[in-house]
file query.tsv (TSV, N, CA and C atoms and all ligand atoms)
chain	number	residue	atom	x	y	z
A	1	MET	N	131.47	124.74	104.08
A	1	MET	CA	130.56	123.65	104.48
A	1	MET	C	131.06	122.33	103.88
A	2	VAL	N	131.06	121.30	104.71
A	2	VAL	CA	131.51	119.98	104.26
A	2	VAL	C	130.34	119.01	104.34
A	3	TYR	N	130.26	118.11	103.37
A	3	TYR	CA	129.16	117.15	103.28
A	3	TYR	C	129.69	115.74	103.48
A	4	LEU	N	129.00	114.99	104.31
A	4	LEU	CA	129.38	113.60	104.60
A	4	LEU	C	128.20	112.69	104.29
A	5	THR	N	128.45	111.62	103.55
A	5	THR	CA	127.37	110.69	103.18
A	5	THR	C	127.65	109.31	103.71
A	6	ARG	N	126.65	108.70	104.29
A	6	ARG	CA	126.72	107.30	104.72
A	6	ARG	C	125.70	106.51	103.89
A	7	VAL	N	126.11	105.35	103.41
A	7	VAL	CA	125.24	104.50	102.59
A	7	VAL	C	124.86	103.27	103.39
A	8	GLU	N	123.56	102.97	103.42
A	8	GLU	CA	123.08	101.75	104.07
A	8	GLU	C	122.15	101.03	103.11
A	9	HIS	N	121.75	99.84	103.49
A	9	HIS	CA	121.02	98.98	102.57
A	9	HIS	C	119.86	98.30	103.29
A	10	PHE	N	118.76	98.10	102.59
A	10	PHE	CA	117.69	97.27	103.14
A	10	PHE	C	116.89	96.65	101.99
A	11	ASN	N	116.20	95.58	102.31
A	11	ASN	CA	115.29	94.94	101.35
A	11	ASN	C	113.89	95.12	101.89
A	12	ALA	N	112.94	95.36	100.99
A	12	ALA	CA	111.56	95.47	101.46
A	12	ALA	C	110.61	95.12	100.31
A	13	ALA	N	109.41	94.71	100.72
A	13	ALA	CA	108.36	94.39	99.76
A	13	ALA	C	107.37	95.55	99.69
A	14	HIS	N	106.69	95.67	98.56
A	14	HIS	CA	105.62	96.65	98.46
A	14	HIS	C	104.72	96.35	97.28
A	15	LYS	N	103.70	97.17	97.16
A	15	LYS	CA	102.80	97.14	96.00
A	15	LYS	C	102.30	98.55	95.78
A	16	LEU	N	102.31	98.99	94.54
A	16	LEU	CA	101.74	100.30	94.21
A	16	LEU	C	100.37	100.07	93.59
A	17	TRP	N	99.36	100.68	94.24
A	17	TRP	CA	97.98	100.40	93.82
A	17	TRP	C	97.11	101.55	94.26
A	18	ASN	N	96.32	102.06	93.36
A	18	ASN	CA	95.33	103.09	93.72
A	18	ASN	C	93.96	102.43	93.77
A	19	PRO	N	93.37	102.32	94.98
A	19	PRO	CA	92.10	101.58	95.12
A	19	PRO	C	90.93	102.23	94.37
A	20	ASP	N	91.09	103.48	94.00
A	20	ASP	CA	90.02	104.17	93.26
A	20	ASP	C	90.05	103.84	91.77
A	21	TRP	N	91.08	103.16	91.33
A	21	TRP	CA	91.24	102.86	89.90
A	21	TRP	C	90.92	101.41	89.58
A	22	SER	N	90.67	101.14	88.30
A	22	SER	CA	90.47	99.77	87.81
A	22	SER	C	91.80	99.03	87.85
A	23	GLU	N	91.71	97.70	87.80
A	23	GLU	CA	92.92	96.88	87.74
A	23	GLU	C	93.74	97.25	86.51
A	24	GLU	N	93.04	97.49	85.41
A	24	GLU	CA	93.73	97.82	84.16
A	24	GLU	C	94.54	99.11	84.29
A	25	LYS	N	93.91	100.13	84.87
A	25	LYS	CA	94.61	101.41	85.00
A	25	LYS	C	95.78	101.31	85.98
A	26	ASN	N	95.60	100.53	87.05
A	26	ASN	CA	96.70	100.33	87.99
A	26	ASN	C	97.89	99.66	87.31
A	27	LYS	N	97.61	98.62	86.53
A	27	LYS	CA	98.70	97.88	85.89
A	27	LYS	C	99.38	98.73	84.82
A	28	GLU	N	98.57	99.55	84.15
A	28	GLU	CA	99.12	100.43	83.11
A	28	GLU	C	100.03	101.49	83.75
A	29	THR	N	99.62	102.02	84.91
A	29	THR	CA	100.36	103.10	85.56
A	29	THR	C	101.56	102.59	86.34
A	30	PHE	N	101.35	101.56	87.14
A	30	PHE	CA	102.39	101.12	88.08
A	30	PHE	C	103.20	99.92	87.58
A	31	GLY	N	102.80	99.33	86.48
A	31	GLY	CA	103.56	98.23	85.88
A	31	GLY	C	103.74	97.07	86.84
A	32	LYS	N	104.96	96.55	86.91
A	32	LYS	CA	105.24	95.38	87.76
A	32	LYS	C	105.04	95.71	89.24
A	33	CYS	N	105.15	96.98	89.61
A	33	CYS	CA	104.96	97.37	91.01
A	33	CYS	C	103.50	97.24	91.45
A	34	ALA	N	102.59	96.94	90.50
A	34	ALA	CA	101.18	96.72	90.86
A	34	ALA	C	100.88	95.23	91.07
A	35	ASN	N	101.89	94.41	91.02
A	35	ASN	CA	101.67	92.96	91.19
A	35	ASN	C	100.86	92.66	92.45
A	36	GLU	N	99.78	91.90	92.28
A	36	GLU	CA	98.84	91.67	93.40
A	36	GLU	C	99.52	91.10	94.64
A	37	ASN	N	100.39	90.13	94.46
A	37	ASN	CA	100.98	89.44	95.62
A	37	ASN	C	102.36	89.97	96.00
A	38	TRP	N	102.53	91.28	95.84
A	38	TRP	CA	103.74	91.97	96.30
A	38	TRP	C	104.98	91.62	95.47
A	39	HIS	N	106.04	92.34	95.72
A	39	HIS	CA	107.36	92.08	95.12
A	39	HIS	C	108.35	92.89	95.95
A	40	GLY	N	109.63	92.63	95.78
A	40	GLY	CA	110.62	93.32	96.61
A	40	GLY	C	111.60	94.14	95.81
A	41	HIS	N	112.27	95.04	96.52
A	41	HIS	CA	113.39	95.79	95.95
A	41	HIS	C	114.57	95.73	96.91
A	42	ASN	N	115.77	95.81	96.34
A	42	ASN	CA	116.98	95.98	97.14
A	42	ASN	C	117.28	97.48	97.17
A	43	TYR	N	116.89	98.11	98.24
A	43	TYR	CA	117.05	99.56	98.34
A	43	TYR	C	118.43	99.92	98.89
A	44	GLU	N	118.90	101.07	98.45
A	44	GLU	CA	120.12	101.63	99.01
A	44	GLU	C	119.78	103.06	99.45
A	45	ILE	N	120.18	103.39	100.66
A	45	ILE	CA	119.86	104.72	101.19
A	45	ILE	C	121.16	105.49	101.43
A	46	HIS	N	121.20	106.69	100.89
A	46	HIS	CA	122.37	107.58	101.03
A	46	HIS	C	121.93	108.77	101.89
A	47	VAL	N	122.50	108.88	103.06
A	47	VAL	CA	122.14	109.98	103.97
A	47	VAL	C	123.32	110.94	104.06
A	48	THR	N	123.08	112.20	103.67
A	48	THR	CA	124.13	113.21	103.67
A	48	THR	C	123.87	114.25	104.74
A	49	VAL	N	124.88	114.46	105.59
A	49	VAL	CA	124.81	115.53	106.59
A	49	VAL	C	125.83	116.60	106.22
A	50	LYS	N	125.62	117.80	106.77
A	50	LYS	CA	126.54	118.89	106.43
A	50	LYS	C	126.93	119.65	107.70
A	51	GLY	N	128.11	120.24	107.65
A	51	GLY	CA	128.57	121.02	108.80
A	51	GLY	C	130.01	121.44	108.62
A	52	GLU	N	130.57	121.88	109.71
A	52	GLU	CA	131.99	122.27	109.68
A	52	GLU	C	132.79	121.23	110.45
A	53	MET	N	134.05	121.07	110.08
A	53	MET	CA	134.91	120.10	110.77
A	53	MET	C	135.17	120.54	112.20
A	54	GLN	N	135.06	119.58	113.13
A	54	GLN	CA	135.32	119.86	114.54
A	54	GLN	C	136.83	119.93	114.76
A	55	PRO	N	137.28	120.93	115.53
A	55	PRO	CA	138.73	121.09	115.70
A	55	PRO	C	139.41	119.89	116.39
A	56	ASP	N	138.66	119.18	117.22
A	56	ASP	CA	139.28	118.08	117.97
A	56	ASP	C	139.23	116.73	117.25
A	57	THR	N	138.47	116.63	116.14
A	57	THR	CA	138.38	115.34	115.42
A	57	THR	C	138.65	115.46	113.92
A	58	GLY	N	138.39	116.64	113.33
A	58	GLY	CA	138.45	116.76	111.88
A	58	GLY	C	137.22	116.20	111.20
A	59	PHE	N	136.29	115.67	111.97
A	59	PHE	CA	135.01	115.17	111.45
A	59	PHE	C	133.98	116.29	111.45
A	60	ILE	N	133.00	116.22	110.53
A	60	ILE	CA	131.80	117.04	110.73
A	60	ILE	C	130.79	116.26	111.58
A	61	PHE	N	130.86	114.93	111.47
A	61	PHE	CA	130.03	114.05	112.30
A	61	PHE	C	130.67	112.67	112.19
A	62	ASN	N	130.50	111.87	113.22
A	62	ASN	CA	131.09	110.53	113.22
A	62	ASN	C	130.30	109.61	112.28
A	63	ALA	N	130.96	109.10	111.23
A	63	ALA	CA	130.28	108.29	110.21
A	63	ALA	C	129.75	106.98	110.80
A	64	LYS	N	130.43	106.46	111.79
A	64	LYS	CA	129.97	105.24	112.45
A	64	LYS	C	128.67	105.51	113.22
A	65	ARG	N	128.64	106.65	113.89
A	65	ARG	CA	127.42	107.04	114.62
A	65	ARG	C	126.27	107.27	113.64
A	66	LEU	N	126.59	107.87	112.48
A	66	LEU	CA	125.55	108.09	111.46
A	66	LEU	C	124.96	106.75	111.01
A	67	SER	N	125.81	105.76	110.85
A	67	SER	CA	125.35	104.42	110.48
A	67	SER	C	124.41	103.84	111.55
A	68	VAL	N	124.81	103.98	112.81
A	68	VAL	CA	123.99	103.46	113.92
A	68	VAL	C	122.61	104.12	113.90
A	69	ILE	N	122.58	105.45	113.70
A	69	ILE	CA	121.31	106.19	113.68
A	69	ILE	C	120.43	105.72	112.53
A	70	ILE	N	121.01	105.58	111.34
A	70	ILE	CA	120.22	105.16	110.18
A	70	ILE	C	119.66	103.76	110.40
A	71	ASN	N	120.47	102.89	110.96
A	71	ASN	CA	120.02	101.52	111.19
A	71	ASN	C	118.93	101.46	112.25
A	72	GLU	N	119.15	102.19	113.33
A	72	GLU	CA	118.20	102.15	114.44
A	72	GLU	C	116.85	102.75	114.05
A	73	HIS	N	116.87	103.87	113.32
A	73	HIS	CA	115.63	104.60	113.05
A	73	HIS	C	114.98	104.24	111.72
A	74	ILE	N	115.74	103.64	110.81
A	74	ILE	CA	115.18	103.30	109.50
A	74	ILE	C	115.31	101.80	109.19
A	75	CYS	N	116.51	101.33	109.01
A	75	CYS	CA	116.70	99.96	108.50
A	75	CYS	C	116.08	98.90	109.42
A	76	ASP	N	116.25	99.06	110.73
A	76	ASP	CA	115.68	98.06	111.66
A	76	ASP	C	114.16	98.03	111.57
A	77	LYS	N	113.54	99.14	111.14
A	77	LYS	CA	112.08	99.20	111.07
A	77	LYS	C	111.53	98.75	109.72
A	78	ILE	N	112.36	98.76	108.67
A	78	ILE	CA	111.80	98.45	107.34
A	78	ILE	C	112.51	97.31	106.60
A	79	ASP	N	113.68	96.90	107.08
A	79	ASP	CA	114.38	95.82	106.39
A	79	ASP	C	113.60	94.51	106.51
A	80	HIS	N	113.42	93.84	105.37
A	80	HIS	CA	112.67	92.58	105.29
A	80	HIS	C	111.22	92.75	105.76
A	81	LYS	N	110.67	93.95	105.55
A	81	LYS	CA	109.28	94.21	105.91
A	81	LYS	C	108.47	94.51	104.64
A	82	ASN	N	107.14	94.52	104.83
A	82	ASN	CA	106.24	94.94	103.77
A	82	ASN	C	105.90	96.41	104.03
A	83	LEU	N	106.31	97.26	103.13
A	83	LEU	CA	106.15	98.72	103.34
A	83	LEU	C	104.68	99.12	103.42
A	84	ASN	N	103.80	98.39	102.75
A	84	ASN	CA	102.37	98.73	102.76
A	84	ASN	C	101.70	98.35	104.08
A	85	ILE	N	102.24	97.34	104.76
A	85	ILE	CA	101.54	96.77	105.92
A	85	ILE	C	102.30	96.95	107.23
A	86	ASP	N	103.61	96.75	107.20
A	86	ASP	CA	104.38	96.62	108.45
A	86	ASP	C	104.97	97.92	108.98
A	87	VAL	N	105.04	98.96	108.16
A	87	VAL	CA	105.86	100.12	108.52
A	87	VAL	C	104.96	101.29	108.95
A	88	GLU	N	105.08	101.62	110.24
A	88	GLU	CA	104.19	102.64	110.83
A	88	GLU	C	104.25	103.96	110.06
A	89	PHE	N	105.45	104.43	109.71
A	89	PHE	CA	105.54	105.75	109.07
A	89	PHE	C	105.17	105.76	107.59
A	90	MET	N	104.76	104.60	107.05
A	90	MET	CA	104.27	104.56	105.66
A	90	MET	C	102.77	104.26	105.59
A	91	LYS	N	102.14	104.12	106.74
A	91	LYS	CA	100.71	103.75	106.79
A	91	LYS	C	99.85	104.74	105.99
A	92	GLY	N	98.98	104.20	105.14
A	92	GLY	CA	98.02	105.01	104.41
A	92	GLY	C	98.62	105.83	103.27
A	93	GLN	N	99.85	105.52	102.89
A	93	GLN	CA	100.49	106.29	101.81
A	93	GLN	C	100.93	105.37	100.69
A	94	PHE	N	101.01	105.92	99.49
A	94	PHE	CA	101.60	105.16	98.39
A	94	PHE	C	103.06	104.85	98.75
A	95	THR	N	103.45	103.61	98.57
A	95	THR	CA	104.81	103.23	98.96
A	95	THR	C	105.79	103.44	97.79
A	96	THR	N	105.69	104.62	97.21
A	96	THR	CA	106.63	104.98	96.15
A	96	THR	C	107.98	105.33	96.75
A	97	ALA	N	109.01	105.33	95.90
A	97	ALA	CA	110.33	105.77	96.35
A	97	ALA	C	110.26	107.22	96.83
A	98	GLU	N	109.42	108.04	96.19
A	98	GLU	CA	109.27	109.44	96.59
A	98	GLU	C	108.77	109.56	98.03
A	99	ASN	N	107.66	108.88	98.31
A	99	ASN	CA	107.09	108.95	99.67
A	99	ASN	C	108.04	108.35	100.70
A	100	LEU	N	108.67	107.27	100.35
A	100	LEU	CA	109.59	106.62	101.28
A	100	LEU	C	110.76	107.56	101.62
A	101	THR	N	111.26	108.25	100.61
A	101	THR	CA	112.38	109.17	100.82
A	101	THR	C	111.99	110.32	101.75
A	102	VAL	N	110.83	110.92	101.50
A	102	VAL	CA	110.37	112.04	102.33
A	102	VAL	C	110.14	111.56	103.76
A	103	ASN	N	109.58	110.38	103.93
A	103	ASN	CA	109.32	109.88	105.28
A	103	ASN	C	110.60	109.48	106.01
A	104	ILE	N	111.58	109.00	105.29
A	104	ILE	CA	112.87	108.72	105.91
A	104	ILE	C	113.49	110.03	106.40
A	105	TRP	N	113.39	111.07	105.59
A	105	TRP	CA	113.87	112.41	106.03
A	105	TRP	C	113.17	112.82	107.32
A	106	LYS	N	111.85	112.66	107.37
A	106	LYS	CA	111.09	113.08	108.56
A	106	LYS	C	111.50	112.29	109.81
A	107	GLN	N	111.87	111.04	109.62
A	107	GLN	CA	112.32	110.23	110.76
A	107	GLN	C	113.71	110.67	111.23
A	108	LEU	N	114.59	110.94	110.28
A	108	LEU	CA	116.00	111.18	110.63
A	108	LEU	C	116.30	112.61	111.06
A	109	GLN	N	115.62	113.58	110.45
A	109	GLN	CA	115.99	114.99	110.64
A	109	GLN	C	116.01	115.40	112.11
A	110	PRO	N	114.94	115.12	112.89
A	110	PRO	CA	114.98	115.53	114.30
A	110	PRO	C	116.03	114.81	115.12
A	111	VAL	N	116.29	113.56	114.78
A	111	VAL	CA	117.30	112.78	115.52
A	111	VAL	C	118.68	113.38	115.28
A	112	LEU	N	118.97	113.71	114.02
A	112	LEU	CA	120.28	114.28	113.70
A	112	LEU	C	120.43	115.67	114.28
A	113	LYS	N	119.35	116.43	114.23
A	113	LYS	CA	119.38	117.79	114.80
A	113	LYS	C	119.71	117.73	116.30
A	114	ALA	N	119.09	116.76	116.97
A	114	ALA	CA	119.35	116.59	118.41
A	114	ALA	C	120.81	116.21	118.69
A	115	GLU	N	121.45	115.60	117.68
A	115	GLU	CA	122.87	115.24	117.84
A	115	GLU	C	123.80	116.34	117.31
A	116	GLY	N	123.20	117.46	116.91
A	116	GLY	CA	123.99	118.63	116.55
A	116	GLY	C	124.50	118.68	115.13
A	117	VAL	N	123.85	117.94	114.21
A	117	VAL	CA	124.28	117.98	112.82
A	117	VAL	C	123.07	118.20	111.91
A	118	ASP	N	123.30	118.89	110.78
A	118	ASP	CA	122.21	119.18	109.85
A	118	ASP	C	122.10	118.11	108.77
A	119	LEU	N	120.88	117.62	108.58
A	119	LEU	CA	120.63	116.70	107.47
A	119	LEU	C	120.57	117.52	106.19
A	120	HIS	N	121.29	117.09	105.18
A	120	HIS	CA	121.31	117.81	103.90
A	120	HIS	C	120.46	117.12	102.85
A	121	CYS	N	120.59	115.80	102.74
A	121	CYS	CA	119.89	115.09	101.66
A	121	CYS	C	119.67	113.64	102.03
A	122	VAL	N	118.50	113.12	101.67
A	122	VAL	CA	118.26	111.68	101.68
A	122	VAL	C	118.08	111.26	100.24
A	123	LYS	N	118.90	110.32	99.81
A	123	LYS	CA	118.80	109.78	98.45
A	123	LYS	C	118.48	108.30	98.57
A	124	LEU	N	117.42	107.88	97.90
A	124	LEU	CA	116.99	106.49	97.98
A	124	LEU	C	117.05	105.87	96.59
A	125	MET	N	117.86	104.84	96.48
A	125	MET	CA	117.95	104.09	95.22
A	125	MET	C	116.96	102.94	95.31
A	126	GLU	N	115.95	102.95	94.46
A	126	GLU	CA	115.00	101.82	94.45
A	126	GLU	C	115.53	100.70	93.56
A	127	THR	N	116.14	101.09	92.47
A	127	THR	CA	116.87	100.17	91.59
A	127	THR	C	118.15	100.90	91.22
A	128	PRO	N	119.09	100.21	90.58
A	128	PRO	CA	120.32	100.92	90.18
A	128	PRO	C	120.04	102.08	89.21
A	129	ARG	N	118.86	102.07	88.59
A	129	ARG	CA	118.57	103.11	87.60
A	129	ARG	C	117.47	104.09	88.01
A	130	ILE	N	116.87	103.87	89.17
A	130	ILE	CA	115.82	104.80	89.64
A	130	ILE	C	116.15	105.23	91.06
A	131	PHE	N	116.28	106.53	91.23
A	131	PHE	CA	116.48	107.03	92.60
A	131	PHE	C	115.79	108.36	92.81
A	132	VAL	N	115.55	108.67	94.10
A	132	VAL	CA	114.87	109.90	94.50
A	132	VAL	C	115.77	110.63	95.49
A	133	GLU	N	115.80	111.96	95.39
A	133	GLU	CA	116.55	112.78	96.35
A	133	GLU	C	115.58	113.76	97.01
A	134	TYR	N	115.77	113.97	98.32
A	134	TYR	CA	114.94	114.95	99.03
A	134	TYR	C	115.86	115.81	99.90
A	135	TYR	N	115.63	117.13	99.81
A	135	TYR	CA	116.47	118.10	100.53
A	135	TYR	C	115.69	118.85	101.61
A	136	GLY	N	114.53	118.33	101.97
A	136	GLY	CA	113.73	118.94	103.03
A	136	GLY	C	112.86	120.07	102.53
A	201	NI	NI	108.19	98.13	93.09

call {"tool": "encode", "arguments": {"input": "query.tsv", "output": "structure tokens", "more": "lines below"}}
Ligand code: NI
result
Amino acid sequence: MVYLTRVEHFNAAHKLWNPDWSEEKNKETFGKCANENWHGHNYEIHVTVKGEMQPDTGFIFNAKRLSVIINEHICDKIDHKNLNIDVEFMKGQFTTAENLTVNIWKQLQPVLKAEGVDLHCVKLMETPRIFVEYYG
């Protein structure tokens, strides 16, 4: 089995806030991510597919095509957007890196399957020091 990863980038705004909690508890739990008037992150998304090399190309999947799919189904919908307000697949959910990663998987997995390749991992870097991985 061979693994291929494509890295893409987007910027987005969000706020982490539990409406059932006091302002104090929100700020204590979510820190700067609880800022009332939003804030942004420079996200990096690593999408890994797996498969066997095709005899006619030596590819397991075309990396350029993988980029087009990620951009069309993810980046075009969330880049320069507010994750809490603008993004249909994040509606009603905490806009944590964890939830965002799982929802990106849910968006991409059927598309990649239809193109004949298996999604292995979605890794989302929220900051250079914080990232989430999801394997389905
Ligand atoms: Ni944040």

call {"tool": "select_by_dssp", "arguments": {"input": "query.tsv", "residues": "region 32-76 of chain A", "states": "strand (DSSP E or B)", "output": "JSON list (two decimals) with N, CA and C atoms, in the coordinates of the input"}}
result
[["chain", "number", "residue", "atom", "x", "y", "z"],
["A", 39, "HIS", "N", 106.04, 92.34, 95.72],
["A", 39, "HIS", "CA", 107.36, 92.08, 95.12],
["A", 39, "HIS", "C", 108.35, 92.89, 95.95],
["A", 40, "GLY", "N", 109.63, 92.63, 95.78],
["A", 40, "GLY", "CA", 110.62, 93.32, 96.61],
["A", 40, "GLY", "C", 111.60, 94.14, 95.81],
["A", 41, "HIS", "N", 112.27, 95.04, 96.52],
["A", 41, "HIS", "CA", 113.39, 95.79, 95.95],
["A", 41, "HIS", "C", 114.57, 95.73, 96.91],
["A", 42, "ASN", "N", 115.77, 95.81, 96.34],
["A", 42, "ASN", "CA", 116.98, 95.98, 97.14],
["A", 42, "ASN", "C", 117.28, 97.48, 97.17],
["A", 43, "TYR", "N", 116.89, 98.11, 98.24],
["A", 43, "TYR", "CA", 117.05, 99.56, 98.34],
["A", 43, "TYR", "C", 118.43, 99.92, 98.89],
["A", 44, "GLU", "N", 118.90, 101.07, 98.45],
["A", 44, "GLU", "CA", 120.12, 101.63, 99.01],
["A", 44, "GLU", "C", 119.78, 103.06, 99.45],
["A", 45, "ILE", "N", 120.18, 103.39, 100.66],
["A", 45, "ILE", "CA", 119.86, 104.72, 101.19],
["A", 45, "ILE", "C", 121.16, 105.49, 101.43],
["A", 46, "HIS", "N", 121.20, 106.69, 100.89],
["A", 46, "HIS", "CA", 122.37, 107.58, 101.03],
["A", 46, "HIS", "C", 121.93, 108.77, 101.89],
["A", 47, "VAL", "N", 122.50, 108.88, 103.06],
["A", 47, "VAL", "CA", 122.14, 109.98, 103.97],
["A", 47, "VAL", "C", 123.32, 110.94, 104.06],
["A", 48, "THR", "N", 123.08, 112.20, 103.67],
["A", 48, "THR", "CA", 124.13, 113.21, 103.67],
["A", 48, "THR", "C", 123.87, 114.25, 104.74],
["A", 49, "VAL", "N", 124.88, 114.46, 105.59],
["A", 49, "VAL", "CA", 124.81, 115.53, 106.59],
["A", 49, "VAL", "C", 125.83, 116.60, 106.22],
["A", 50, "LYS", "N", 125.62, 117.80, 106.77],
["A", 50, "LYS", "CA", 126.54, 118.89, 106.43],
["A", 50, "LYS", "C", 126.93, 119.65, 107.70],
["A", 51, "GLY", "N", 128.11, 120.24, 107.65],
["A", 51, "GLY", "CA", 128.57, 121.02, 108.80],
["A", 51, "GLY", "C", 130.01, 121.44, 108.62]]

call {"tool": "residues_near_ligand", "arguments": {"input": "query.tsv", "ligand": "ligand NI 201 (chain A)", "cutoff": "8 Å", "atoms": "all atoms listed in the file", "output": "list in words"}}
result
Ala13, His14, Lys15, Leu16, Phe30, Gly31, Lys32, Cys33, Ala34, Asn35, Trp38, His39, Gly40, His41, Thr95, Thr96, Ala97 and Glu126 of chain A

call {"tool": "closest_residue", "arguments": {"input": "query.tsv", "among": "A:Leu119, A:Val47, A:Leu66, A:Ile74", "to": "Phe10 (chain A)", "atoms": "only N, CA and C atoms"}}
result
A:Ile74

call {"tool": "residues_near_point", "arguments": {"input": "query.tsv", "point": "(124.0, 119.6, 102.0)", "cutoff": "6.5 Å", "atoms": "all atoms listed in the file", "output": "PyMOL selection string"}}
result
chain A and resi 3+48-50+119-121

call {"tool": "select_by_dssp", "arguments": {"input": "query.tsv", "residues": "chain A", "states": "helix (DSSP H, G or I)", "output": "PyMOL selection string"}}
result
chain A and resi 23-34+63-78+88-90+97-114

call {"tool": "residues_around", "arguments": {"input": "query.tsv", "residues": "region 87-90 of chain A", "least_positions_apart": "4", "cutoff": "6 Å", "atoms": "all atoms listed in the file", "output": "VMD selection string"}}
result
chain A and resid 77 82 to 83

call {"tool": "closest_residue", "arguments": {"input": "query.tsv", "among": "A:His80, A:Gly116, A:Val122, A:Glu36", "to": "Thr101 (chain A)", "atoms": "all atoms listed in the file"}}
result
A:Val122

call {"tool": "residues_around", "arguments": {"input": "query.tsv", "residues": "Glu133 (chain A)", "least_positions_apart": "2", "cutoff": "5 Å", "atoms": "only N, CA and C atoms", "output": "PyMOL selection string"}}
result
chain A and resi 122-123+131+135

call {"tool": "residues_around", "arguments": {"input": "query.tsv", "residues": "Glu44 (chain A)", "least_positions_apart": "4", "cutoff": "5 Å", "atoms": "all atoms listed in the file", "output": "JSON, numbers by chain"}}
result
{"A": [8, 9, 124, 125]}

call {"tool": "closest_residue", "arguments": {"input": "query.tsv", "among": "A:Asp118, A:Asn26, A:His73, A:Gly51", "to": "Ile104 (chain A)", "atoms": "only N, CA and C atoms"}}
result
A:His73

call {"tool": "atom_distance", "arguments": {"input": "query.tsv", "atom1": "CA of Asn11 (chain A)", "atom2": "CA of Asp79 (chain A)"}}
result
5.2 Å

call {"tool": "closest_residue", "arguments": {"input": "query.tsv", "among": "A:Ser67, A:Pro19, A:Lys27, A:Val2", "to": "Glu52 (chain A)", "atoms": "all atoms listed in the file"}}
result
A:Val2

call {"tool": "atom_distance", "arguments": {"input": "query.tsv", "atom1": "CA of Cys75 (chain A)", "atom2": "CA of Leu108 (chain A)"}}
result
11.4 Å

call {"tool": "atom_distance", "arguments": {"input": "query.tsv", "atom1": "CA of Val7 (chain A)", "atom2": "CA of Asn103 (chain A)"}}
result
17.0 Å
